[in-house]
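Only one structure is covered here, and it is reproduced in the block below.
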Amino acid sequence: MSLGEPLSICDILKSCLNLRLFFCFHFFPAVQIDAGQGNVVMTDSNNYAYFLIGSQWYKMGSLTLKHVSVGPAGIWGVDLDDRVYKYVAGSFVYATGDLQQVDAGGDGQVVGVTSTSTIHCLKSTIASAYREQSTLNWTTLPGLLMYFSCSSKYGCWGVNSGQNIYFTKVTPSTCGISGWIQVDGLAVMVEIGTDGSVFVVNRGGEVFQRQGIDSSTPQGTSWTKIPMPSRISHVSYDRGNLWVVTDYGIILKCLY
């Protein structure tokens, strides 16, 4: 089986059985996925956002979004022009900001990065209270990243254009950070679960989990590769479920 060829259902099932993992298959042209607090959202190849209820995906309006995130701060997204939105009472409300990737998984704060890799944070008090269009004051954080993700437990992780991986702690109410710690390894994206579990995807489409994370060593100690039946383009983790999107747009749910 070549990674350059589309996988059949039989190919995936065979790989999953060999890995002794249980997968649910969602044949959808997915691009990006995010899970948090028991909720799952995703964007498809047509740049529409969807919310998972049971085993069905429901379209979240007609606004086109390239990235969507769900967590303690609610549901946030960015459109094709990097404008930021929050999902309020059944529709996306425009929020001042210019981001290409946004993350709502922190302890109430919202973070994200721009197309020029600058890093920004919206304080938890502002993010949670936002209900209608108004000017928001984003805090610019030091450093440059192309992907940034936070959890309410242990801290935040990011990767830069050189695929270097970094860890920091962000104070939700002030958006102050503890300073950047470079972590070994290379990745193109990183996601953190509500419980502090950290997963990365590298340029080759391989998935790794960070080991040794605890309150005394929040940056962890090593990486463990998670076998996958295909190249992976995106990953998210929540409540024992590892959600991955393959290069072919198939969503896999792994009970991990």
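In the structure tokens, the first chain shown is A, the next is B, and so on; residue numbers restart at 1 for each chain, and ligands run from 1 in the order shown.
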| task | Mind checking which residues fall within 10 Å of A:Gln100, counting only C-alpha atoms, ignoring those fewer than 6 positions away in the same chain, and posting them as a ChimeraX atom specification? | result | /A:66-67,77-84,112-117,146-147
Filtering to C-alpha atoms, could you give me those residues as a PDB file, in the first residue's frame?
ATOM      1  CA  LYS A  66     -10.558  28.186   7.122  1.00  0.00           C
ATOM      2  CA  HIS A  67     -10.021  27.408  10.802  1.00  0.00           C
ATOM      3  CA  GLY A  77     -13.053  30.868  13.803  1.00  0.00           C
ATOM      4  CA  VAL A  78     -11.141  32.787  11.155  1.00  0.00           C
ATOM      5  CA  ASP A  79     -12.314  33.386   7.594  1.00  0.00           C
ATOM      6  CA  LEU A  80     -10.397  33.396   4.308  1.00  0.00           C
ATOM      7  CA  ASP A  81      -9.402  37.028   4.876  1.00  0.00           C
ATOM      8  CA  ASP A  82      -8.066  36.256   8.389  1.00  0.00           C
ATOM      9  CA  ARG A  83     -10.970  38.001  10.120  1.00  0.00           C
ATOM     10  CA  VAL A  84     -11.902  36.580  13.528  1.00  0.00           C
ATOM     11  CA  GLY A 112      -3.837  32.789  17.636  1.00  0.00           C
ATOM     12  CA  VAL A 113      -1.212  33.670  15.072  1.00  0.00           C
ATOM     13  CA  THR A 114      -1.186  35.910  11.995  1.00  0.00           C
ATOM     14  CA  SER A 115       0.039  35.248   8.463  1.00  0.00           C
ATOM     15  CA  THR A 116       3.289  36.977   9.466  1.00  0.00           C
ATOM     16  CA  SER A 117       3.643  34.654  12.513  1.00  0.00           C
ATOM     17  CA  MET A 146       2.812  29.625  12.720  1.00  0.00           C
ATOM     18  CA  TYR A 147       0.596  27.516  15.037  1.00  0.00           C
TER      19      TYR A 147
END
| Near A:Gly249, counting only C-alpha atoms, which residues have an atom at most 9 Å away, once you skip same-chain residues fewer than 3 positions from it, shown as a ChimeraX atom specification? | /A:27-32,44-45,233,245-246
| Residues within 9 Å of A:Ser197, only C-alpha atoms, excluding chain neighbours under 6 positions, as JSON, numbers by chain | {"A": [151, 153, 191, 209, 210, 211, 213, 237, 238]}
| request: Identify which of the residues A:Tyr154, A:Gln182, A:Asp34, A:Asp247 lies closest to A:Asp214, counting only C-alpha atoms when measuring atom-to-atom distances. | output: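 Ranking A:Tyr154, A:Gln182, A:Asp34, A:Asp247 by distance to A:Asp214, first place goes to A:Tyr154.
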| task | Take atom CA of A:Val93 and atom CA of A:Leu65 and report the distance between them in Å, one decimal. | result |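 Between these atoms lies a distance of 12.5 Å.
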If you run DSSP on this backbone, which residues of stretch 36-170 of chain A come out as alpha helix (DSSP H), and could you give them as a PDB file with C-alpha atoms, in the first residue's frame?
ATOM      1  CA  SER A 124     -10.319  35.391  29.336  1.00  0.00           C
ATOM      2  CA  THR A 125     -12.644  38.070  30.738  1.00  0.00           C
ATOM      3  CA  ILE A 126     -12.959  39.694  27.315  1.00  0.00           C
ATOM      4  CA  ALA A 127     -13.311  36.441  25.365  1.00  0.00           C
ATOM      5  CA  SER A 128     -16.043  34.976  27.559  1.00  0.00           C
ATOM      6  CA  ALA A 129     -18.087  38.195  27.642  1.00  0.00           C
TER       7      ALA A 129
END
Where in stretch 79-221 of chain A does DSSP assign strand (DSSP E or B), given as a compact mmCIF listing (two decimals) with C-alpha atoms, in the first residue's frame?
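Just written: out-v9.txt:
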# COMPACT_ATOMS: atom_id res chain seq x y z
CA ASP A 79 -12.31 33.39 7.59
CA ARG A 83 -10.97 38.00 10.12
CA VAL A 84 -11.90 36.58 13.53
CA TYR A 85 -15.40 35.46 14.59
CA LYS A 86 -17.08 34.05 17.68
CA TYR A 87 -20.09 31.73 17.45
CA VAL A 88 -22.90 33.34 19.47
CA SER A 91 -24.35 32.49 14.22
CA PHE A 92 -20.82 33.78 13.84
CA VAL A 93 -20.31 37.34 15.10
CA TYR A 94 -17.39 39.34 13.72
CA ALA A 95 -14.68 40.12 16.27
CA THR A 96 -11.85 42.57 15.72
CA GLY A 97 -8.67 40.72 14.89
CA ASP A 98 -6.45 39.48 12.08
CA GLN A 101 -5.22 30.31 13.11
CA VAL A 102 -7.15 30.62 16.37
CA ASP A 103 -7.37 28.45 19.48
CA VAL A 110 -8.23 32.87 23.08
CA VAL A 111 -4.91 32.78 21.25
CA GLY A 112 -3.84 32.79 17.64
CA VAL A 113 -1.21 33.67 15.07
CA THR A 118 2.99 37.28 15.18
CA ILE A 119 1.27 35.83 18.27
CA HIS A 120 -1.82 37.30 19.94
CA CYS A 121 -3.96 36.61 23.01
CA LEU A 122 -7.43 37.75 24.08
CA THR A 139 -2.40 41.41 23.52
CA THR A 140 0.65 40.79 21.32
CA LEU A 141 2.97 38.14 22.74
CA PRO A 142 6.73 38.02 22.14
CA GLY A 143 8.03 35.61 19.52
CA LEU A 144 6.93 34.26 16.14
CA TYR A 147 0.60 27.52 15.04
CA PHE A 148 -0.34 28.02 18.71
CA SER A 149 -2.51 25.93 21.02
CA CYS A 150 -3.40 26.20 24.71
CA CYS A 156 0.51 26.30 25.76
CA TRP A 157 2.49 24.91 22.83
CA GLY A 158 3.48 26.35 19.47
CA VAL A 159 5.52 25.68 16.36
CA ASN A 164 10.70 24.14 16.04
CA ILE A 165 8.43 23.35 19.00
CA TYR A 166 7.99 25.66 21.99
CA PHE A 167 6.23 25.58 25.34
CA THR A 168 5.04 28.42 27.58
CA VAL A 170 -0.13 31.92 29.59
CA ILE A 177 3.58 34.47 29.54
CA ILE A 181 11.08 26.84 26.34
CA GLN A 182 12.21 25.08 23.16
CA VAL A 183 11.26 21.40 23.13
CA ASP A 184 13.07 18.73 21.14
CA GLY A 185 11.58 17.60 17.84
CA LEU A 186 10.08 19.12 14.70
CA MET A 189 1.20 21.74 14.05
CA VAL A 190 0.57 21.02 17.73
CA GLU A 191 -2.67 20.50 19.66
CA ILE A 192 -3.32 20.12 23.38
CA VAL A 198 0.00 17.08 23.64
CA PHE A 199 0.05 15.78 20.07
CA VAL A 200 2.00 16.99 17.05
CA VAL A 201 2.02 16.30 13.33
CA VAL A 207 1.67 11.82 14.70
CA PHE A 208 3.54 11.92 18.00
CA GLN A 209 2.40 12.29 21.62
CA ARG A 210 4.44 14.04 24.28
CA GLN A 211 5.27 11.87 27.30
